[in-house]
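The file coords_3.txt comes next; it holds compact mmCIF, C-alpha atoms.
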```txt
# COMPACT_ATOMS: atom_id res chain seq x y z
CA MET A 1 160.54 71.38 -27.55
CA ASP A 2 161.14 68.36 -29.74
CA ASP A 3 163.54 66.38 -27.56
CA ASN A 4 164.53 64.06 -30.41
CA ARG A 5 165.78 67.04 -32.36
CA LEU A 6 168.12 67.98 -29.51
CA THR A 7 169.23 64.33 -29.32
CA GLU A 8 170.02 64.28 -33.05
CA VAL A 9 171.95 67.56 -32.91
CA LEU A 10 173.91 66.46 -29.85
CA ASN A 11 174.66 63.16 -31.58
CA VAL A 12 176.33 65.04 -34.45
CA GLU A 13 178.48 67.01 -31.99
CA ILE A 14 179.41 63.83 -30.08
CA SER A 15 180.31 62.16 -33.37
CA GLN A 16 182.61 65.09 -34.23
CA GLY A 17 184.26 64.90 -30.79
CA ILE A 18 183.03 68.35 -29.71
CA VAL A 19 180.83 67.06 -26.88
CA LYS A 20 182.36 64.48 -24.55
CA SER A 21 180.35 64.94 -21.37
CA ALA A 22 177.02 66.32 -20.14
CA ASP A 23 178.78 69.57 -19.10
CA ASP A 24 180.22 69.92 -22.60
CA ALA A 25 176.70 69.45 -23.96
CA VAL A 26 175.33 72.22 -21.73
CA ASN A 27 178.13 74.57 -22.71
CA TRP A 28 177.48 73.81 -26.35
CA VAL A 29 173.74 74.45 -26.00
CA LYS A 30 174.53 77.77 -24.29
CA GLY A 31 176.13 78.92 -27.52
CA THR A 32 173.07 78.14 -29.63
CA PHE A 33 169.99 80.07 -30.62
CA LEU A 34 167.93 77.54 -28.63
CA TYR A 35 169.36 78.89 -25.38
CA ARG A 36 168.26 82.42 -26.28
CA ARG A 37 164.83 81.12 -27.25
CA ILE A 38 164.41 79.35 -23.90
CA GLN A 39 165.22 82.62 -22.14
CA SER A 40 162.75 84.64 -24.18
CA HIS A 41 159.94 82.02 -24.32
CA PRO A 42 160.49 79.88 -21.19
CA LEU A 43 156.95 78.51 -20.94
CA PHE A 44 156.96 77.34 -24.54
CA TYR A 45 159.96 75.14 -23.76
CA GLY A 46 158.55 73.99 -20.39
CA PHE A 47 160.91 76.05 -18.20
CA ASN A 48 159.21 77.43 -15.08
CA GLY A 49 162.18 78.50 -12.91
CA ASN A 50 163.96 81.80 -12.39
CA GLY A 51 167.61 82.70 -12.64
CA ASP A 52 170.69 81.36 -14.37
CA ASP A 53 171.14 78.37 -12.04
CA ALA A 54 167.61 77.14 -12.69
CA LEU A 55 168.12 77.57 -16.43
CA HIS A 56 171.43 75.72 -16.24
CA SER A 57 169.75 72.85 -14.39
CA PHE A 58 166.91 72.80 -16.92
CA VAL A 59 169.29 72.58 -19.90
CA LEU A 60 171.42 70.02 -18.08
CA GLY A 61 168.31 67.91 -17.52
CA LYS A 62 167.38 68.09 -21.20
CA CYS A 63 170.92 67.21 -22.28
CA ALA A 64 171.11 64.35 -19.77
CA ASP A 65 167.85 62.94 -21.19
CA SER A 66 169.21 63.15 -24.72
CA ILE A 67 172.49 61.53 -23.71
CA ASP A 68 170.57 58.76 -21.95
CA LYS A 69 168.55 58.15 -25.10
CA LEU A 70 171.73 57.88 -27.15
CA ARG A 71 173.21 55.51 -24.58
CA LYS A 72 170.11 53.30 -24.76
CA ILE A 73 170.47 52.86 -28.52
CA ARG A 74 174.20 52.18 -28.03
CA ALA A 75 175.23 55.27 -30.00
CA ILE A 76 177.57 56.27 -27.18
CA GLU A 77 179.42 54.36 -24.50
CA ILE A 78 180.52 55.48 -21.07
CA VAL A 79 184.28 55.84 -20.70
CA GLY A 80 185.93 55.09 -17.37
CA ALA A 81 184.43 54.31 -13.99
CA SER A 82 182.57 57.60 -13.57
CA ASP A 83 179.59 58.30 -15.82
CA ALA A 84 180.92 61.78 -16.58
CA THR A 85 182.46 61.19 -20.00
CA PHE A 86 181.42 59.15 -23.00
CA SER A 87 182.67 58.34 -26.47
CA PRO A 88 180.90 57.76 -29.78
CA THR A 89 180.34 54.24 -31.15
CA PRO A 90 180.00 53.29 -34.84
CA GLY A 91 176.22 53.73 -34.45
CA CYS A 92 176.74 57.39 -33.54
CA HIS A 93 178.89 57.98 -36.64
CA VAL A 94 176.45 56.13 -38.94
CA MET A 95 173.54 58.20 -37.63
CA SER A 96 175.44 61.44 -38.06
CA ARG A 97 176.97 60.61 -41.47
CA ASN A 98 173.69 59.56 -43.07
CA PHE A 99 171.45 62.24 -41.47
CA ILE A 100 169.36 59.52 -39.84
CA ASP A 101 166.79 60.69 -37.31
CA PHE A 102 166.65 59.21 -33.82
CA ASP A 103 163.50 57.12 -34.32
CA THR A 104 164.82 55.59 -37.55
CA MET A 105 168.13 54.74 -35.87
CA LYS A 106 166.19 53.07 -33.08
CA ASP A 107 164.36 50.97 -35.70
CA ILE A 108 167.65 50.08 -37.43
CA ILE A 109 169.13 48.83 -34.17
CA LYS A 110 165.99 46.82 -33.41
CA LEU A 111 166.17 44.95 -36.74
CA PRO A 112 166.47 41.21 -36.04
CA GLN A 113 169.68 39.45 -36.99
CA ASN A 114 168.01 37.26 -39.61
CA SER A 115 166.10 40.09 -41.31
CA GLY A 116 164.93 39.50 -44.86
CA PRO A 117 163.66 41.89 -47.56
CA LEU A 118 160.17 41.95 -46.03
CA GLN A 119 161.45 43.14 -42.63
CA LEU A 120 163.57 45.80 -44.32
CA LEU A 121 160.62 46.92 -46.41
CA HIS A 122 158.43 47.26 -43.30
CA MET A 123 161.14 49.11 -41.42
CA ILE A 124 161.76 51.57 -44.24
CA SER A 125 158.05 52.09 -44.84
CA ASN A 126 157.61 53.09 -41.20
CA CYS A 127 160.27 55.81 -41.41
CA SER A 128 158.61 59.18 -41.05
CA LYS A 129 161.32 60.61 -43.28
CA ILE A 130 160.02 59.02 -46.47
CA GLN A 131 156.31 59.02 -45.76
CA THR A 132 154.09 61.34 -47.74
CA PRO A 133 150.35 61.91 -47.43
CA VAL A 134 148.01 60.24 -49.87
CA ARG A 135 145.65 62.65 -51.58
CA ARG A 136 142.19 61.47 -52.39
CA HIS A 137 142.61 61.69 -56.14
CA GLU A 138 145.83 59.64 -55.97
CA LYS A 139 144.17 56.60 -54.43
CA LYS A 140 143.10 55.08 -57.75
CA ALA A 141 146.60 55.20 -59.23
CA LEU A 142 148.12 53.81 -56.02
CA ASN A 143 145.57 50.98 -55.88
CA GLU A 144 146.53 50.06 -59.45
CA ALA A 145 150.21 49.97 -58.45
CA TYR A 146 149.35 47.92 -55.34
CA LYS A 147 147.93 45.13 -57.52
CA ARG A 148 151.35 44.64 -59.13
CA ILE A 149 153.63 44.74 -56.09
CA LYS A 150 155.42 41.68 -54.74
CA TYR A 151 154.86 41.93 -50.98
CA LYS A 152 151.25 42.76 -50.11
CA LEU A 153 150.33 44.39 -46.80
CA GLU A 154 148.68 42.15 -44.24
CA GLY A 155 145.26 43.31 -43.04
CA CYS A 156 143.96 46.81 -43.53
CA VAL A 157 146.22 49.84 -43.86
CA SER A 158 145.61 51.13 -40.35
CA ASN A 159 148.67 53.34 -40.19
CA ALA A 160 147.55 55.44 -43.13
CA ARG A 161 145.12 57.37 -40.91
CA VAL A 162 147.76 58.09 -38.24
CA PHE A 163 150.24 59.07 -40.88
CA ASP A 164 147.80 61.37 -42.61
CA ASP A 165 147.06 63.05 -39.26
CA ILE A 166 150.74 63.64 -38.60
CA CYS A 167 151.30 65.21 -41.99
CA MET A 168 148.28 67.46 -41.72
CA ARG A 169 149.23 68.52 -38.21
CA ASN A 170 152.76 69.46 -39.23
CA SER A 171 151.52 71.25 -42.27
CA ASN A 172 149.14 73.34 -40.15
CA VAL A 173 151.66 74.16 -37.44
CA LEU A 174 154.22 75.27 -40.01
CA ARG A 175 151.49 77.27 -41.77
CA ARG A 176 152.57 75.63 -45.00
CA SER A 177 150.20 76.41 -47.81
CA ARG A 178 149.13 73.50 -50.00
CA HIS A 179 148.53 74.16 -53.65
CA SER A 180 146.08 71.32 -53.96
CA PHE A 181 142.59 72.32 -52.88
CA THR A 182 141.92 68.76 -51.67
CA CYS A 183 144.80 69.00 -49.22
CA THR A 184 143.83 72.42 -47.91
CA ASP A 185 140.28 71.22 -47.42
CA HIS A 186 141.56 68.08 -45.70
CA LYS A 187 143.75 70.21 -43.40
CA VAL A 188 140.87 72.45 -42.39
CA LYS A 189 138.73 69.42 -41.57
CA PHE A 190 141.56 67.95 -39.53
CA VAL A 191 142.09 71.10 -37.44
CA PHE A 192 138.37 71.34 -36.88
CA ARG A 193 138.15 67.70 -35.74
CA HIS A 194 141.33 67.68 -33.59
CA PRO A 195 141.92 71.18 -32.19
CA GLN A 196 144.21 69.76 -29.47
CA LYS A 197 146.46 67.91 -31.90
CA SER A 198 146.89 70.90 -34.15
CA ARG A 199 148.88 72.74 -31.47
CA LEU A 200 152.38 71.78 -30.49
CA MET B 1 155.81 53.20 -53.74
CA LEU B 2 159.11 51.42 -53.17
CA GLN B 3 157.80 48.20 -54.58
CA ALA B 4 156.18 50.04 -57.47
CA ALA B 5 159.57 51.64 -58.22
CA ILE B 6 161.30 48.25 -58.23
CA GLY B 7 158.54 46.90 -60.49
CA ARG B 8 159.06 49.91 -62.82
CA HIS B 9 155.45 50.97 -62.48
CA TYR B 10 154.79 54.19 -64.37
CA PHE B 11 152.51 56.76 -62.77
CA GLU B 12 150.72 59.14 -65.10
CA GLU B 13 150.59 61.88 -62.47
CA PHE B 14 153.70 64.03 -62.08
CA ALA B 15 153.26 64.46 -58.29
CA LEU B 16 153.31 60.69 -57.76
CA ARG B 17 156.41 60.27 -59.91
CA GLN B 18 158.10 63.02 -57.89
CA GLN B 19 157.07 61.33 -54.64
CA MET B 20 158.45 58.05 -55.92
CA THR B 21 161.83 59.67 -56.63
CA ASN B 22 161.92 61.22 -53.15
CA ILE B 23 160.98 57.93 -51.52
CA ILE B 24 163.73 56.09 -53.41
CA ASP B 25 166.28 58.70 -52.29
CA GLY B 26 165.13 58.43 -48.67
CA ALA B 27 165.08 54.63 -48.75
CA SER B 28 168.59 54.49 -50.26
CA GLN B 29 169.82 56.72 -47.46
CA VAL B 30 168.26 54.50 -44.77
CA LEU B 31 169.56 51.36 -46.49
CA SER B 32 173.07 52.82 -46.59
CA ALA B 33 172.79 53.46 -42.85
CA ILE B 34 171.58 49.88 -42.26
CA GLU B 35 174.50 48.51 -44.27
CA GLN B 36 177.06 50.72 -42.55
CA TYR B 37 175.70 49.91 -39.09
CA ALA B 38 175.72 46.18 -39.88
CA LYS B 39 179.30 46.50 -41.16
CA GLU B 40 180.81 48.77 -38.50
CA GLY B 41 178.51 48.48 -35.49
CA SER B 42 176.64 45.22 -35.02
CA ARG B 43 178.88 43.20 -37.41
CA ASN B 44 175.76 41.46 -38.69
CA GLY B 45 176.58 39.87 -42.04
CA GLN B 46 173.03 38.78 -42.86
CA LEU B 47 171.69 42.31 -42.41
CA ALA B 48 174.57 43.83 -44.42
CA THR B 49 173.82 41.40 -47.26
CA GLN B 50 170.08 42.04 -47.21
CA GLY B 51 170.60 45.81 -47.10
CA MET B 52 172.96 45.65 -50.06
CA LEU B 53 170.58 43.40 -52.05
CA PHE B 54 167.67 45.72 -51.33
CA ARG B 55 169.68 48.74 -52.46
CA ARG B 56 170.65 46.86 -55.61
CA SER B 57 166.97 46.05 -56.19
CA LEU B 58 166.16 49.76 -56.03
CA PHE B 59 168.80 50.64 -58.63
CA SER B 60 168.37 47.66 -60.95
CA SER B 61 164.57 47.42 -60.57
CA LEU B 62 164.88 43.71 -59.89
CA TRP B 63 164.03 41.82 -56.74
CA GLY B 64 166.50 39.06 -57.54
CA GLU B 65 167.82 36.73 -60.19
CA ASN B 66 164.42 35.03 -60.56
CA ASP B 67 163.00 38.28 -61.94
CA GLY B 68 165.57 38.22 -64.75
CA VAL B 69 168.86 39.97 -65.20
CA LEU B 70 168.62 41.34 -68.72
CA ASN B 71 166.77 44.52 -67.80
CA GLN B 72 169.97 45.75 -66.17
CA ILE B 73 171.19 46.52 -69.70
CA ASN B 74 170.34 49.98 -70.96
CA GLY B 75 167.40 49.98 -73.36
CA VAL B 76 165.97 46.65 -72.22
CA THR B 77 162.58 47.51 -70.78
CA GLN B 78 160.37 45.31 -68.62
CA GLU B 79 158.32 44.37 -71.72
CA ILE B 80 161.37 43.40 -73.79
CA ALA B 81 162.74 41.35 -70.87
CA ALA B 82 159.37 39.55 -70.56
CA GLN B 83 159.28 38.80 -74.30
CA LEU B 84 162.85 37.47 -74.19
CA LYS B 85 161.98 35.30 -71.19
CA ASP B 86 158.97 33.87 -73.05
CA SER B 87 161.37 32.85 -75.84
CA GLY B 88 163.67 31.11 -73.36
CA ILE B 89 166.25 33.92 -73.20
CA SER B 90 166.63 34.91 -69.56
CA THR B 91 170.39 35.02 -68.87
CA PHE B 92 173.41 36.70 -70.48
CA ALA B 93 174.59 33.26 -71.67
CA ASP B 94 171.20 32.70 -73.35
CA VAL B 95 171.64 35.99 -75.23
CA LEU B 96 175.05 34.87 -76.52
CA ARG B 97 173.69 31.46 -77.56
CA THR B 98 170.88 33.06 -79.60
CA SER B 99 171.53 34.71 -82.96
CA SER B 100 170.79 38.38 -83.55
CA GLU B 101 167.87 37.42 -85.78
CA GLY B 102 166.50 35.16 -83.06
CA ILE B 103 166.63 38.01 -80.51
CA ALA B 104 165.12 40.47 -82.99
CA ASN B 105 162.23 38.09 -83.72
CA ALA B 106 161.69 37.28 -80.04
CA CYS B 107 161.21 40.85 -78.86
CA HIS B 108 160.32 42.66 -82.12
CA VAL B 109 163.35 44.93 -82.14
CA SER B 110 165.80 45.92 -84.89
CA ALA B 111 168.80 43.73 -85.73
CA THR B 112 171.11 46.58 -84.64
CA PHE B 113 169.58 46.59 -81.16
CA ALA B 114 169.86 42.79 -81.00
CA ASN B 115 173.54 43.05 -81.96
CA SER B 116 174.23 45.65 -79.29
CA LEU B 117 172.45 43.43 -76.76
CA ARG B 118 174.75 40.53 -77.69
CA ASP B 119 177.82 42.78 -77.41
CA ALA B 120 176.74 43.98 -73.97
CA ALA B 121 176.09 40.41 -72.78
CA SER B 122 179.50 39.33 -74.10
CA THR B 123 181.30 42.18 -72.28
CA ILE B 124 179.49 41.42 -69.04
CA LEU B 125 180.30 37.71 -69.26
CA GLN B 126 183.96 38.51 -69.93
CA HIS B 127 184.14 40.47 -66.69
CA THR B 128 182.31 37.83 -64.66
CA LEU B 129 184.19 36.37 -61.70
CA LYS B 130 183.84 32.88 -60.25
CA LEU B 131 184.11 32.16 -56.52
CA SER B 132 185.75 29.17 -54.91
CA ALA B 133 186.33 28.65 -51.19
CA SER B 134 188.31 26.18 -49.10
CA THR B 135 189.30 25.78 -45.46
CA LYS B 136 192.86 25.41 -44.21
CA ASP B 137 193.74 23.71 -40.95
CA ASP B 138 196.73 25.40 -39.29
CA GLY B 139 197.20 23.17 -36.28
CA GLY B 140 193.63 23.31 -34.98
CA GLU B 141 192.97 26.87 -36.14
CA PHE B 142 190.89 27.07 -39.26
CA SER B 143 191.15 29.76 -41.87
CA LEU B 144 188.89 30.27 -44.86
CA CYS B 145 190.48 30.93 -48.23
CA VAL B 146 188.24 32.57 -50.85
CA LYS B 147 189.40 32.96 -54.46
CA LEU B 148 187.75 35.08 -57.11
CA ILE B 149 188.88 34.16 -60.61
CA ARG B 150 187.76 35.11 -64.11
CA ARG B 151 185.13 32.85 -65.60
CA VAL B 152 186.58 33.43 -69.06
CA ALA B 153 190.24 32.39 -69.31
CA GLU B 154 191.13 34.54 -72.32
CA PRO B 155 192.68 37.96 -71.61
CA ILE B 156 190.28 40.88 -71.69
CA GLU B 157 190.72 44.50 -72.46
CA GLU B 158 190.82 46.44 -69.17
CA THR B 159 188.71 49.57 -69.25
CA SER B 160 188.47 52.36 -66.74
CA GLU B 161 184.70 51.87 -66.71
CA ARG B 162 183.50 49.37 -64.16
CA ILE B 163 181.23 47.05 -66.07
CA VAL B 164 180.74 44.38 -63.43
CA SER B 165 181.70 44.91 -59.80
CA TYR B 166 181.26 42.50 -56.93
CA SER B 167 180.83 42.68 -53.17
CA LEU B 168 182.29 39.88 -51.09
CA ILE B 169 180.62 39.33 -47.73
CA ILE B 170 181.78 36.46 -45.52
CA PHE B 171 179.77 35.87 -42.36
CA THR B 172 178.56 33.23 -39.96
CA ASP B 173 174.98 33.02 -38.71
CA ARG B 174 176.00 33.99 -35.17
CA ALA B 175 175.64 37.44 -33.62
CA GLY B 176 178.53 39.67 -34.69
CA GLY B 177 179.55 37.03 -37.20
CA LEU B 178 180.70 39.31 -40.04
CA LEU B 179 184.18 38.17 -41.06
CA GLN B 180 184.86 40.07 -44.28
CA TYR B 181 183.16 42.88 -46.19
CA SER B 182 184.73 44.04 -49.45
CA GLU B 183 183.07 46.19 -52.08
CA ASN B 184 183.76 47.15 -55.69
CA ILE B 185 185.78 44.07 -56.59
CA THR B 186 186.43 44.09 -60.33
CA LYS B 187 189.56 41.95 -60.61
CA GLU B 188 190.71 38.50 -59.57
CA CYS B 189 191.70 38.33 -55.92
CA GLU B 190 192.28 36.03 -52.99
CA VAL B 191 191.06 36.63 -49.45
CA THR B 192 191.98 34.65 -46.36
CA VAL B 193 190.05 35.13 -43.15
CA GLN B 194 190.54 33.59 -39.73
CA CYS B 195 187.56 31.42 -38.81
CA PRO B 196 185.93 32.11 -35.43
CA GLU B 197 186.36 29.78 -32.48
CA LYS B 198 184.35 26.55 -32.65
CA PHE B 199 183.89 27.09 -36.41
CA GLY B 200 181.72 24.37 -37.94
CA ARG B 201 180.52 23.10 -34.58
CA ALA B 202 177.00 23.51 -33.15
```
Could I get this structure in the form of structure tokens?
Amino acid sequence: MDDNRLTEVLNVEISQGIVKSADDAVNWVKGTFLYRRIQSHPLFYGFNGNGDDALHSFVLGKCADSIDKLRKIRAIEIVGASDATFSPTPGCHVMSRNFIDFDTMKDIIKLPQNSGPLQLLHMISNCSKIQTPVRRHEKKALNEAYKRIKYKLEGCVSNARVFDDICMRNSNVLRRSRHSFTCTDHKVKFVFRHPQKSRL
Amino acid sequence: MLQAAIGRHYFEEFALRQQMTNIIDGASQVLSAIEQYAKEGSRNGQLATQGMLFRRSLFSSLWGENDGVLNQINGVTQEIAAQLKDSGISTFADVLRTSSEGIANACHVSATFANSLRDAASTILQHTLKLSASTKDDGGEFSLCVKLIRRVAEPIEETSERIVSYSLIIFTDRAGGLLQYSENITKECEVTVQCPEKFGRA
């Protein structure tokens, strides 16, 4: 299970005022399709126990993790002396309003106070949301564009490999067909080279 | 891709142009979030300003004033802007100072286009605002008074269309130092903000 996805969904509910405590979060998850999926495919979601109590504890654990993640990025704040209830902060609303994923929000919060255009450019470029794979035949055109840009990259483009791997992996898992032969060929090579990575 | 978009680089391949559009959309969304978080959450004026300038760069295809301002006008391409700059025409005031024939000769365009360029520059300059700021001492407590007034004194015809709009951001360089954030200012106005404690002291 992608824990960040649960964090993002819970963040939206917290922002709307639906979820105000960990118990609320569990009750909310119990009304979702995810809860049914955990019951029908427990091992896929990492649930090994038996019975409703064990399932409740498992979901509570997942929700508590997500809430802790949101607390760490200051998207929520604890209300009162007990840690039972929390309230959304402006960060929570910004994340929910702009459909910002958890990792990107973490990067936004980490931005230094005296950030300039270069820092913003680096931060945005690292967002998985806007990254797209580079196909082999596109390299020439992109290299031409690179000669004319203002801020050049320092050193070699090491992240390109990682990024390409991520895209290919997702594409394979989702069984998404690529119209370009180059991409399909690339995907096959990737799965052959990294059989472990190609499974979720 | 982002930088290529700001530099108005044209890709021959359709897929790359499509990717560029998607990347600009995604980047605008993230920049909006940065701006909103700086405004509502961290109260970081520097970050709010940089986010807004970056977003403006994406829409105007300009990194800043040094890259020229004329290509914000419809029909003025990167090439025309470069030719005008070579002839010493780089600001709206320069356009008004130069005759239509001079503009037409400088960038090899028709006299009609040169005339419309002068009209556009004139309208923009008419709507330009000028900023002045002063501090007031109210018995030890300082307040900052910011005035935005028209650069051109003569009355102008008010249109529903926003030709020039301003954002006013007042901040100190300390953490949480955002004092004022106003957007879409099109008319003369006056803003007074309370200065923070120990204002002007190290």
Quick one: which residues from chain B are at most 10 Å off chain A, using only C-alpha atoms, as a ChimeraX atom specification? /B:1-13,15-16,19-20,22-51,53-54,63,173-176
Here atom CA of Ile89 of chain B and atom CA of Phe59 of chain B stand apart by 22.3 Å
Neighbour list for segment 34-39 of chain A as a list in words, cut-off 12 Å, only C-alpha atoms, skip fewer than 6 positions in-chain: Met1, Asp2, Arg5, Leu6, Val9, Val26, Asn27, Trp28, Tyr45, Gly46, Phe47, Asn48, Gly49, Asn50, Gly51, Asp52, Ala54, Leu55, His56, Phe58, Val59, Leu60 and Lys62 of chain A
Atoms kept (C-alpha atoms) for selection, written as a short mmCIF file (atom, residue, chain, number, x, y, z; two decimals), in the coordinates of the input:
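Result file is result-v2.cif:
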```cif
data_model
loop_
_atom_site.label_atom_id
_atom_site.label_comp_id
_atom_site.auth_asym_id
_atom_site.auth_seq_id
_atom_site.Cartn_x
_atom_site.Cartn_y
_atom_site.Cartn_z
CA MET A 1 160.54 71.38 -27.55
CA ASP A 2 161.14 68.36 -29.74
CA ARG A 5 165.78 67.04 -32.36
CA LEU A 6 168.12 67.98 -29.51
CA VAL A 9 171.95 67.56 -32.91
CA VAL A 26 175.33 72.22 -21.73
CA ASN A 27 178.13 74.57 -22.71
CA TRP A 28 177.48 73.81 -26.35
CA TYR A 45 159.96 75.14 -23.76
CA GLY A 46 158.55 73.99 -20.39
CA PHE A 47 160.91 76.05 -18.20
CA ASN A 48 159.21 77.43 -15.08
CA GLY A 49 162.18 78.50 -12.91
CA ASN A 50 163.96 81.80 -12.39
CA GLY A 51 167.61 82.70 -12.64
CA ASP A 52 170.69 81.36 -14.37
CA ALA A 54 167.61 77.14 -12.69
CA LEU A 55 168.12 77.57 -16.43
CA HIS A 56 171.43 75.72 -16.24
CA PHE A 58 166.91 72.80 -16.92
CA VAL A 59 169.29 72.58 -19.90
CA LEU A 60 171.42 70.02 -18.08
CA LYS A 62 167.38 68.09 -21.20
#
```
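Proximity to Val69 of chain B was assessed for B:Ile124, B:Ser134, B:Cys195, B:Gly102 counting all atoms listed in the file; the smallest distance is recorded for B:Ile124.
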